[in-house]
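For reference, model-v3.txt is printed below; it contains compact mmCIF, C-alpha atoms and all ligand atoms.
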# COMPACT_ATOMS: atom_id res chain seq x y z
CA MET A 1 116.85 100.17 -49.64
CA SER A 2 117.35 97.86 -52.60
CA GLU A 3 118.61 94.27 -52.70
CA ASP A 4 122.10 95.30 -53.78
CA VAL A 5 122.83 97.22 -50.57
CA GLY A 6 125.85 95.67 -48.86
CA LEU A 7 126.28 97.96 -45.88
CA VAL A 8 124.19 100.44 -43.95
CA LEU A 9 126.26 103.15 -42.27
CA LEU A 10 124.72 105.26 -39.52
CA GLU A 11 126.08 107.99 -37.27
CA PRO A 12 124.20 107.72 -33.95
CA VAL A 13 124.26 111.50 -33.50
CA LEU A 14 124.62 113.26 -36.83
CA GLY A 15 127.53 115.60 -36.05
CA GLU A 16 128.37 117.96 -38.87
CA GLY A 17 124.76 117.87 -40.02
CA GLY A 18 123.60 119.76 -36.94
CA VAL A 19 123.99 117.44 -33.92
CA VAL A 20 120.85 115.42 -34.57
CA PRO A 21 120.46 112.28 -32.44
CA LEU A 22 118.95 109.43 -34.44
CA ASP A 23 115.54 108.22 -33.32
CA PRO A 24 116.03 104.73 -31.78
CA ALA A 25 112.95 103.54 -33.71
CA PHE A 26 114.61 104.63 -36.97
CA VAL A 27 117.82 102.82 -36.02
CA ALA A 28 115.89 99.65 -35.13
CA ALA A 29 114.02 99.79 -38.46
CA ALA A 30 117.23 100.39 -40.42
CA ALA A 31 118.95 97.52 -38.59
CA ALA A 32 116.04 95.16 -39.28
CA ARG A 33 116.00 96.15 -42.96
CA ALA A 34 119.78 95.66 -43.24
CA LYS A 35 119.49 92.24 -41.65
CA GLY A 36 116.65 91.31 -44.00
CA LEU A 37 118.82 92.21 -46.97
CA GLY A 38 121.87 90.41 -45.61
CA ALA A 39 123.68 93.77 -45.40
CA LEU A 40 126.14 94.71 -42.68
CA LEU A 41 125.23 97.38 -40.14
CA ALA A 42 128.02 99.87 -39.39
CA PHE A 43 128.06 102.76 -36.93
CA ASP A 44 130.36 105.72 -37.36
CA GLU A 45 131.23 106.57 -33.75
CA VAL A 46 134.17 108.81 -34.60
CA GLN A 47 132.39 111.69 -32.86
CA THR A 48 130.04 109.85 -30.50
CA GLY A 49 132.32 107.09 -29.20
CA VAL A 50 134.66 106.93 -26.20
CA GLY A 51 132.21 108.28 -23.63
CA ARG A 52 131.03 111.41 -25.43
CA THR A 53 127.33 110.55 -25.05
CA GLY A 54 127.57 109.22 -21.50
CA THR A 55 128.12 105.58 -22.40
CA PHE A 56 131.34 104.26 -23.94
CA PHE A 57 129.59 103.76 -27.27
CA ALA A 58 126.51 105.69 -28.32
CA PHE A 59 125.02 102.45 -29.63
CA ASP A 60 124.84 101.23 -26.01
CA GLN A 61 121.77 103.48 -25.73
CA LEU A 62 120.17 102.42 -28.99
CA GLY A 63 119.46 98.75 -28.30
CA VAL A 64 121.12 97.74 -31.58
CA ARG A 65 124.58 96.19 -31.91
CA PRO A 66 126.42 96.99 -35.14
CA ASP A 67 128.56 94.55 -37.15
CA LEU A 68 131.20 97.22 -37.69
CA LEU A 69 132.10 100.34 -35.77
CA THR A 70 134.59 103.14 -36.39
CA LEU A 71 136.36 105.17 -33.71
CA ALA A 72 138.98 107.94 -33.92
CA LYS A 73 139.37 111.44 -32.45
CA ALA A 74 138.88 111.04 -28.68
CA LEU A 75 140.20 107.49 -28.73
CA ALA A 76 143.81 108.69 -28.37
CA ASN A 77 142.87 112.03 -26.76
CA GLY A 78 144.23 114.09 -29.64
CA LEU A 79 147.00 111.89 -30.96
CA PRO A 80 146.27 110.58 -34.46
CA ILE A 81 144.41 107.30 -34.51
CA GLY A 82 141.53 105.61 -36.27
CA CYS A 83 140.12 102.16 -35.72
CA LEU A 84 137.56 99.75 -37.07
CA LEU A 85 135.96 97.29 -34.68
CA VAL A 86 134.39 94.17 -36.18
CA ALA A 87 131.92 92.04 -34.24
CA ASP A 88 132.95 88.42 -33.84
CA GLU A 89 129.91 87.18 -35.70
CA ALA A 90 130.30 89.60 -38.63
CA PRO A 91 131.23 88.09 -41.98
CA ARG A 92 135.02 88.13 -42.44
CA GLY A 93 135.85 90.19 -45.51
CA PHE A 94 139.37 90.64 -44.28
CA VAL A 95 141.57 89.48 -41.43
CA PRO A 96 144.27 91.22 -39.38
CA GLY A 97 147.17 92.05 -41.69
CA ASP A 98 145.07 92.46 -44.84
CA HIS A 99 144.80 96.19 -44.46
CA GLY A 100 148.04 98.16 -44.24
CA SER A 101 148.64 101.81 -43.52
CA THR A 102 151.85 103.85 -43.41
CA PHE A 103 151.04 105.32 -40.01
CA GLY A 104 148.80 102.53 -38.72
CA GLY A 105 149.58 100.94 -35.37
CA ASN A 106 151.67 103.89 -34.15
CA PRO A 107 152.90 102.73 -30.71
CA VAL A 108 152.58 106.16 -29.05
CA SER A 109 149.03 106.67 -30.32
CA CYS A 110 148.11 103.12 -29.31
CA ALA A 111 149.54 103.69 -25.82
CA ALA A 112 147.45 106.87 -25.55
CA ALA A 113 144.35 104.97 -26.68
CA PHE A 114 145.00 102.30 -24.10
CA ALA A 115 145.35 104.97 -21.39
CA VAL A 116 142.11 106.66 -22.49
CA CYS A 117 140.18 103.39 -22.45
CA SER A 118 141.58 102.62 -19.00
CA ALA A 119 140.52 106.05 -17.69
CA ILE A 120 136.90 105.79 -18.79
CA ASP A 121 135.02 104.04 -16.01
CA ASP A 122 131.47 104.00 -14.67
CA GLU A 123 132.14 106.94 -12.36
CA LEU A 124 133.37 109.15 -15.19
CA LEU A 125 130.48 108.14 -17.46
CA ALA A 126 127.97 108.88 -14.67
CA SER A 127 129.49 112.33 -14.32
CA VAL A 128 129.31 112.87 -18.10
CA ARG A 129 125.59 112.05 -17.99
CA ALA A 130 124.94 114.29 -14.99
CA ASN A 131 126.86 117.24 -16.45
CA GLY A 132 125.25 116.71 -19.85
CA ASP A 133 121.79 116.92 -18.24
CA ARG A 134 122.84 120.01 -16.30
CA LEU A 135 124.06 121.71 -19.47
CA LEU A 136 120.96 120.79 -21.48
CA ASP A 137 118.65 121.99 -18.70
CA GLY A 138 120.58 125.27 -18.50
CA LEU A 139 120.62 125.76 -22.28
CA GLU A 140 116.86 125.32 -22.44
CA GLN A 141 116.41 128.27 -20.07
CA LEU A 142 118.54 130.66 -22.13
CA PRO A 143 117.00 133.48 -24.14
CA GLY A 144 117.04 132.92 -27.89
CA VAL A 145 117.51 129.17 -27.67
CA ALA A 146 114.86 127.47 -29.79
CA GLU A 147 115.89 123.96 -28.90
CA ALA A 148 118.63 122.21 -26.94
CA ARG A 149 119.69 118.82 -28.24
CA GLY A 150 122.21 116.30 -27.11
CA ALA A 151 123.11 112.98 -25.64
CA GLY A 152 125.18 112.73 -22.52
CA ASP A 153 127.76 115.46 -22.50
CA ARG A 154 127.24 116.47 -26.10
CA PRO A 155 124.62 119.17 -26.29
CA ALA A 156 123.94 121.78 -28.95
CA GLY A 157 121.77 124.80 -28.41
CA VAL A 158 120.03 126.07 -31.51
CA ILE A 159 120.85 129.75 -31.35
CA VAL A 160 121.86 132.51 -33.70
CA ASP A 161 125.40 133.26 -32.56
CA ALA A 162 127.39 132.90 -29.36
CA GLY A 163 130.72 134.55 -30.03
CA LEU A 164 134.04 133.07 -28.97
CA ASP A 165 135.05 136.56 -27.77
CA ALA A 166 133.11 136.01 -24.57
CA GLY A 167 135.57 133.33 -23.51
CA LEU A 168 133.65 130.20 -24.34
CA VAL A 169 135.18 127.81 -26.85
CA CYS A 170 132.41 126.47 -29.02
CA LEU A 171 131.74 125.73 -32.65
CA ASN A 172 128.86 125.63 -35.02
CA ALA A 173 127.24 122.67 -36.74
CA GLY A 174 125.32 124.11 -39.64
CA PRO A 175 124.15 127.71 -39.95
CA ASN A 176 122.08 128.02 -36.78
CA VAL A 177 123.37 125.36 -34.43
CA LEU A 178 125.88 126.07 -31.71
CA ARG A 179 127.84 123.00 -30.74
CA LEU A 180 129.33 122.60 -27.27
CA ALA A 181 131.67 119.69 -26.67
CA PRO A 182 133.14 120.05 -23.19
CA PRO A 183 135.85 117.65 -22.08
CA LEU A 184 134.53 114.56 -20.30
CA VAL A 185 136.16 115.75 -17.07
CA VAL A 186 134.25 119.05 -17.04
CA GLY A 187 132.87 120.06 -13.64
CA ALA A 188 129.45 121.40 -12.66
CA ASP A 189 130.97 124.81 -11.82
CA GLU A 190 132.47 125.05 -15.31
CA ILE A 191 129.13 124.15 -16.86
CA ASP A 192 127.49 126.92 -14.83
CA HIS A 193 130.22 129.35 -15.92
CA ALA A 194 129.66 128.45 -19.58
CA LEU A 195 125.92 128.97 -19.13
CA SER A 196 126.49 132.39 -17.58
CA ILE A 197 128.69 133.41 -20.55
CA LEU A 198 126.00 132.24 -22.96
CA THR A 199 123.35 134.12 -20.97
CA GLU A 200 125.35 137.34 -21.43
CA VAL A 201 126.04 136.65 -25.09
CA LEU A 202 122.38 136.01 -25.82
CA ALA A 203 120.93 138.85 -23.75
C1 LIG B 1 131.60 111.50 -38.00
C2 LIG B 1 132.98 111.41 -38.58
N1 LIG B 1 133.34 110.27 -39.19
C3 LIG B 1 134.58 110.12 -39.70
C4 LIG B 1 135.49 111.14 -39.65
C5 LIG B 1 136.85 110.91 -40.22
O1 LIG B 1 137.71 110.69 -39.17
P1 LIG B 1 139.30 110.74 -39.43
O2 LIG B 1 139.61 112.13 -39.87
O3 LIG B 1 139.88 110.40 -38.11
O4 LIG B 1 139.58 109.72 -40.48
C6 LIG B 1 135.17 112.34 -39.07
C7 LIG B 1 136.14 113.45 -39.03
O5 LIG B 1 135.89 114.55 -38.69
C8 LIG B 1 133.88 112.48 -38.50
O6 LIG B 1 133.50 113.62 -37.89

Spell out the structure here as structure tokens.
Ligand SMILES: Cc1ncc(COP(=O)(O)O)c(C=O)c1O
Amino acid sequence: MSEDVGLVLLEPVLGEGGVVPLDPAFVAAAAARAKGLGALLAFDEVQTGVGRTGTFFAFDQLGVRPDLLTLAKALANGLPIGCLLVADEAPRGFVPGDHGSTFGGNPVSCAAAFAVCSAIDDELLASVRANGDRLLDGLEQLPGVAEARGAGDRPAGVIVDAGLDAGLVCLNAGPNVLRLAPPLVVGADEIDHALSILTEVLA
């Protein structure tokens, strides 16, 4: 990193690149280097935020607090929204009102975001962590799975192909990574059902 770096942007779990959780030691080193250079540290939590990894923010598990943080997607549970959070102590490049957007501040989306934030409590996050562990444990037992990765409720089994035809909605992240992103309210029985479908698909 050279002296002219102004901002370091990290995604706590690299999503489209194959669901790769960042090593906390790497994040700590990057944060220290950014601080040394006087650069801002930003986390892209568009995919990892709002409870997806078992804590409200993924950075809660990394021991590093960013200056800037982006959220979107799950924040309004499907309604269009995007947001940038700025830590109080971060340098003020702009203030509320500086940045305009045609569709920014949509009242319906904001109401949905408020409802989502109100619904995510310690009980729900504990269940996300428990179900995430259950899914990862199950994925590791499946035939053909080379590695199961994830954080909280966001696992990805590294397999060849699963096949939506079997009734399990899933997606890929790169050529050989199957990505599972169950809703935060998923139950243990649904996890077990998903695992049984994958067992059949992989047999
Ligand atoms: C990690 C990540 N960051 C940012 C974005 C952009 O989010 P939006 O489309 O809400 O602007 C996406 C969209 O898929 C994403 O996956």

So that each row is one residue of chain A with an atom at most 6 Å from ligand LIG 1 (chain B), can you give its shortest atom pair and the distance in Å to one decimal, using all atoms listed in the file, rows by chain and rising number, as a tab-separated table?
residue	atom	partner	partner_atom	distance
A:Asp44	CA	B:LIG1	N1	5.7
A:Val46	CA	B:LIG1	N1	4.9
A:Gln47	CA	B:LIG1	C1	5.2
A:Ala72	CA	B:LIG1	O3	4.9
A:Lys73	CA	B:LIG1	O3	5.8
A:Gly82	CA	B:LIG1	O3	5.4

Padded axis-aligned box of range 16-28 of chain A (8 Å per side), centre and edge lengths, Å, one decimal, as AutoDock Vina command-line options:
--center_x 120.7 --center_y 109.7 --center_z -35.9 --size_x 31.4 --size_y 36.1 --size_z 24.2

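Each of A:Val186, A:Phe57, A:Ala181, A:Ala194 was checked against Leu168 in chain A using all atoms listed in the file; the smallest atom-to-atom distance is that of A:Ala194.
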
Between CA of Pro24 in chain A and CA of Gly54 in chain A, distance in Å (one decimal):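 It comes out at 16.1 Å.
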
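You will find CA of Asp67 in chain A at 19.4 Å from CA of Ser2 in chain A.
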
Polymer residues at most 10 Å from range 117-133 of chain A, only C-alpha atoms, same-chain spacing of 6 or more positions, as a PyMOL selection string: chain A and resi 50-56+74-76+111+139+150-155+181-192

Output C-alpha atoms of each residue in that selection to a file, as an mmCIF file, in the frame of the given file.
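Saved file selection20.cif follows:
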data_model
loop_
_atom_site.group_PDB
_atom_site.id
_atom_site.type_symbol
_atom_site.label_atom_id
_atom_site.label_comp_id
_atom_site.auth_asym_id
_atom_site.auth_seq_id
_atom_site.Cartn_x
_atom_site.Cartn_y
_atom_site.Cartn_z
ATOM 1 C CA VAL A 50 134.660 106.930 -26.200
ATOM 2 C CA GLY A 51 132.210 108.280 -23.630
ATOM 3 C CA ARG A 52 131.030 111.410 -25.430
ATOM 4 C CA THR A 53 127.330 110.550 -25.050
ATOM 5 C CA GLY A 54 127.570 109.220 -21.500
ATOM 6 C CA THR A 55 128.120 105.580 -22.400
ATOM 7 C CA PHE A 56 131.340 104.260 -23.940
ATOM 8 C CA ALA A 74 138.880 111.040 -28.680
ATOM 9 C CA LEU A 75 140.200 107.490 -28.730
ATOM 10 C CA ALA A 76 143.810 108.690 -28.370
ATOM 11 C CA ALA A 111 149.540 103.690 -25.820
ATOM 12 C CA LEU A 139 120.620 125.760 -22.280
ATOM 13 C CA GLY A 150 122.210 116.300 -27.110
ATOM 14 C CA ALA A 151 123.110 112.980 -25.640
ATOM 15 C CA GLY A 152 125.180 112.730 -22.520
ATOM 16 C CA ASP A 153 127.760 115.460 -22.500
ATOM 17 C CA ARG A 154 127.240 116.470 -26.100
ATOM 18 C CA PRO A 155 124.620 119.170 -26.290
ATOM 19 C CA ALA A 181 131.670 119.690 -26.670
ATOM 20 C CA PRO A 182 133.140 120.050 -23.190
ATOM 21 C CA PRO A 183 135.850 117.650 -22.080
ATOM 22 C CA LEU A 184 134.530 114.560 -20.300
ATOM 23 C CA VAL A 185 136.160 115.750 -17.070
ATOM 24 C CA VAL A 186 134.250 119.050 -17.040
ATOM 25 C CA GLY A 187 132.870 120.060 -13.640
ATOM 26 C CA ALA A 188 129.450 121.400 -12.660
ATOM 27 C CA ASP A 189 130.970 124.810 -11.820
ATOM 28 C CA GLU A 190 132.470 125.050 -15.310
ATOM 29 C CA ILE A 191 129.130 124.150 -16.860
ATOM 30 C CA ASP A 192 127.490 126.920 -14.830
#

Nearest to Gly15 in chain A, chosen from A:Asp165, A:Glu45, A:Glu200, A:Asp137, with only C-alpha atoms counted in the distances: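 Selected residue with least distance to Gly15 in chain A: A:Glu45.
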
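A straight line drawn from CA of Asp60 in chain A to CA of Met1 in chain A is 25.0 Å long.
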
Using all atoms listed in the file, which protein or nucleic acid residues come within 12 Å of Arg33 in chain A? Drop anything in the same chain fewer than 5 positions from it, and give the result as a list of chain:residue names.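 Skipping anything fewer than 5 positions along the chain leaves A:Met1, A:Ser2, A:Glu3, A:Val5, A:Gly6, A:Leu7, A:Val8, A:Phe26, A:Val27, A:Ala28, A:Gly38, A:Ala39, A:Leu40, A:Leu41.
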
Counting all atoms listed in the file, which of A:Val95, A:Leu202, A:Cys110, A:Leu136 gets nearest to Cys83 in chain A?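 Checking each of A:Val95, A:Leu202, A:Cys110, A:Leu136 against Cys83 in chain A, counting all atoms listed in the file, the winner is A:Cys110.
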
Pull the closest atom pair for each residue of range 103-130 of chain A that gets at most 12 Å from range 96-99 of chain A, along with the distance in Å to one decimal, counting all atoms listed in the file, ordering rows by chain and then ascending residue number, as a Markdown table.
| residue | atom | partner | partner_atom | distance |
| --- | --- | --- | --- | --- |
| A:Phe103 | CA | A:His99 | CA | 11.9 |
| A:Gly104 | CA | A:His99 | CA | 9.4 |
| A:Gly105 | CA | A:Gly97 | CA | 11.2 |

For the residues selected in the previous step, produce a file with C-alpha atoms as an mmCIF file, keeping the file's coordinate frame.
data_model
loop_
_atom_site.group_PDB
_atom_site.id
_atom_site.type_symbol
_atom_site.label_atom_id
_atom_site.label_comp_id
_atom_site.auth_asym_id
_atom_site.auth_seq_id
_atom_site.Cartn_x
_atom_site.Cartn_y
_atom_site.Cartn_z
ATOM 1 C CA PHE A 103 151.040 105.320 -40.010
ATOM 2 C CA GLY A 104 148.800 102.530 -38.720
ATOM 3 C CA GLY A 105 149.580 100.940 -35.370
#

Give me range 140-151 of chain A with all heavy atoms filled in, as a PDB file, keeping the file's coordinate frame.
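As a result, result-v2.pdb now contains:
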ATOM      1  N   GLU A 140     118.282 125.137 -22.122  1.00  0.00           N
ATOM      2  CA  GLU A 140     116.860 125.320 -22.440  1.00  0.00           C
ATOM      3  C   GLU A 140     116.290 126.587 -21.834  1.00  0.00           C
ATOM      4  O   GLU A 140     115.305 127.136 -22.317  1.00  0.00           O
ATOM      5  CB  GLU A 140     116.068 124.094 -21.967  1.00  0.00           C
ATOM      6  CG  GLU A 140     115.997 123.041 -23.056  1.00  0.00           C
ATOM      7  CD  GLU A 140     115.636 121.658 -22.540  1.00  0.00           C
ATOM      8  OE1 GLU A 140     115.268 121.538 -21.349  1.00  0.00           O
ATOM      9  OE2 GLU A 140     115.743 120.710 -23.328  1.00  0.00           O
ATOM     10  N   GLN A 141     116.927 127.061 -20.743  1.00  0.00           N
ATOM     11  CA  GLN A 141     116.410 128.270 -20.070  1.00  0.00           C
ATOM     12  C   GLN A 141     116.915 129.551 -20.733  1.00  0.00           C
ATOM     13  O   GLN A 141     116.442 130.638 -20.415  1.00  0.00           O
ATOM     14  CB  GLN A 141     116.885 128.315 -18.590  1.00  0.00           C
ATOM     15  CG  GLN A 141     116.752 127.022 -17.811  1.00  0.00           C
ATOM     16  CD  GLN A 141     115.328 126.566 -17.725  1.00  0.00           C
ATOM     17  OE1 GLN A 141     114.434 127.393 -17.583  1.00  0.00           O
ATOM     18  NE2 GLN A 141     115.091 125.260 -17.860  1.00  0.00           N
ATOM     19  N   LEU A 142     117.901 129.456 -21.606  1.00  0.00           N
ATOM     20  CA  LEU A 142     118.540 130.660 -22.130  1.00  0.00           C
ATOM     21  C   LEU A 142     117.667 131.382 -23.143  1.00  0.00           C
ATOM     22  O   LEU A 142     116.955 130.749 -23.916  1.00  0.00           O
ATOM     23  CB  LEU A 142     119.889 130.304 -22.788  1.00  0.00           C
ATOM     24  CG  LEU A 142     120.970 129.765 -21.870  1.00  0.00           C
ATOM     25  CD1 LEU A 142     122.248 129.545 -22.652  1.00  0.00           C
ATOM     26  CD2 LEU A 142     121.243 130.725 -20.724  1.00  0.00           C
ATOM     27  N   PRO A 143     117.769 132.731 -23.151  1.00  0.00           N
ATOM     28  CA  PRO A 143     117.000 133.480 -24.140  1.00  0.00           C
ATOM     29  C   PRO A 143     117.515 133.196 -25.544  1.00  0.00           C
ATOM     30  O   PRO A 143     118.716 133.062 -25.740  1.00  0.00           O
ATOM     31  CB  PRO A 143     117.271 134.949 -23.750  1.00  0.00           C
ATOM     32  CG  PRO A 143     118.560 134.917 -22.994  1.00  0.00           C
ATOM     33  CD  PRO A 143     118.607 133.588 -22.301  1.00  0.00           C
ATOM     34  N   GLY A 144     116.635 133.077 -26.491  1.00  0.00           N
ATOM     35  CA  GLY A 144     117.040 132.920 -27.890  1.00  0.00           C
ATOM     36  C   GLY A 144     117.335 131.488 -28.276  1.00  0.00           C
ATOM     37  O   GLY A 144     117.650 131.224 -29.431  1.00  0.00           O
ATOM     38  N   VAL A 145     117.254 130.569 -27.335  1.00  0.00           N
ATOM     39  CA  VAL A 145     117.510 129.170 -27.670  1.00  0.00           C
ATOM     40  C   VAL A 145     116.181 128.510 -28.069  1.00  0.00           C
ATOM     41  O   VAL A 145     115.258 128.421 -27.263  1.00  0.00           O
ATOM     42  CB  VAL A 145     118.155 128.417 -26.486  1.00  0.00           C
ATOM     43  CG1 VAL A 145     118.254 126.926 -26.783  1.00  0.00           C
ATOM     44  CG2 VAL A 145     119.529 128.993 -26.207  1.00  0.00           C
ATOM     45  N   ALA A 146     116.097 128.083 -29.316  1.00  0.00           N
ATOM     46  CA  ALA A 146     114.860 127.470 -29.790  1.00  0.00           C
ATOM     47  C   ALA A 146     114.756 126.026 -29.337  1.00  0.00           C
ATOM     48  O   ALA A 146     113.675 125.502 -29.081  1.00  0.00           O
ATOM     49  CB  ALA A 146     114.791 127.552 -31.313  1.00  0.00           C
ATOM     50  N   GLU A 147     115.908 125.375 -29.242  1.00  0.00           N
ATOM     51  CA  GLU A 147     115.890 123.960 -28.900  1.00  0.00           C
ATOM     52  C   GLU A 147     117.272 123.578 -28.395  1.00  0.00           C
ATOM     53  O   GLU A 147     118.277 124.082 -28.907  1.00  0.00           O
ATOM     54  CB  GLU A 147     115.552 123.135 -30.155  1.00  0.00           C
ATOM     55  CG  GLU A 147     115.413 121.661 -29.921  1.00  0.00           C
ATOM     56  CD  GLU A 147     115.295 120.867 -31.232  1.00  0.00           C
ATOM     57  OE1 GLU A 147     115.288 121.505 -32.299  1.00  0.00           O
ATOM     58  OE2 GLU A 147     115.249 119.647 -31.163  1.00  0.00           O
ATOM     59  N   ALA A 148     117.341 122.740 -27.388  1.00  0.00           N
ATOM     60  CA  ALA A 148     118.630 122.210 -26.940  1.00  0.00           C
ATOM     61  C   ALA A 148     118.621 120.712 -27.186  1.00  0.00           C
ATOM     62  O   ALA A 148     117.697 120.010 -26.772  1.00  0.00           O
ATOM     63  CB  ALA A 148     118.848 122.511 -25.460  1.00  0.00           C
ATOM     64  N   ARG A 149     119.632 120.242 -27.890  1.00  0.00           N
ATOM     65  CA  ARG A 149     119.690 118.820 -28.240  1.00  0.00           C
ATOM     66  C   ARG A 149     120.983 118.226 -27.710  1.00  0.00           C
ATOM     67  O   ARG A 149     121.987 118.914 -27.608  1.00  0.00           O
ATOM     68  CB  ARG A 149     119.682 118.622 -29.754  1.00  0.00           C
ATOM     69  CG  ARG A 149     118.454 119.092 -30.445  1.00  0.00           C
ATOM     70  CD  ARG A 149     118.392 118.521 -31.857  1.00  0.00           C
ATOM     71  NE  ARG A 149     119.367 119.100 -32.748  1.00  0.00           N
ATOM     72  CZ  ARG A 149     119.139 120.166 -33.514  1.00  0.00           C
ATOM     73  NH1 ARG A 149     117.968 120.778 -33.447  1.00  0.00           N
ATOM     74  NH2 ARG A 149     120.058 120.619 -34.321  1.00  0.00           N
ATOM     75  N   GLY A 150     120.965 116.940 -27.488  1.00  0.00           N
ATOM     76  CA  GLY A 150     122.210 116.300 -27.110  1.00  0.00           C
ATOM     77  C   GLY A 150     122.001 114.921 -26.557  1.00  0.00           C
ATOM     78  O   GLY A 150     120.885 114.453 -26.411  1.00  0.00           O
ATOM     79  N   ALA A 151     123.115 114.282 -26.286  1.00  0.00           N
ATOM     80  CA  ALA A 151     123.110 112.980 -25.640  1.00  0.00           C
ATOM     81  C   ALA A 151     124.305 112.987 -24.725  1.00  0.00           C
ATOM     82  O   ALA A 151     125.399 113.307 -25.141  1.00  0.00           O
ATOM     83  CB  ALA A 151     123.228 111.871 -26.673  1.00  0.00           C
TER      84      ALA A 151
END
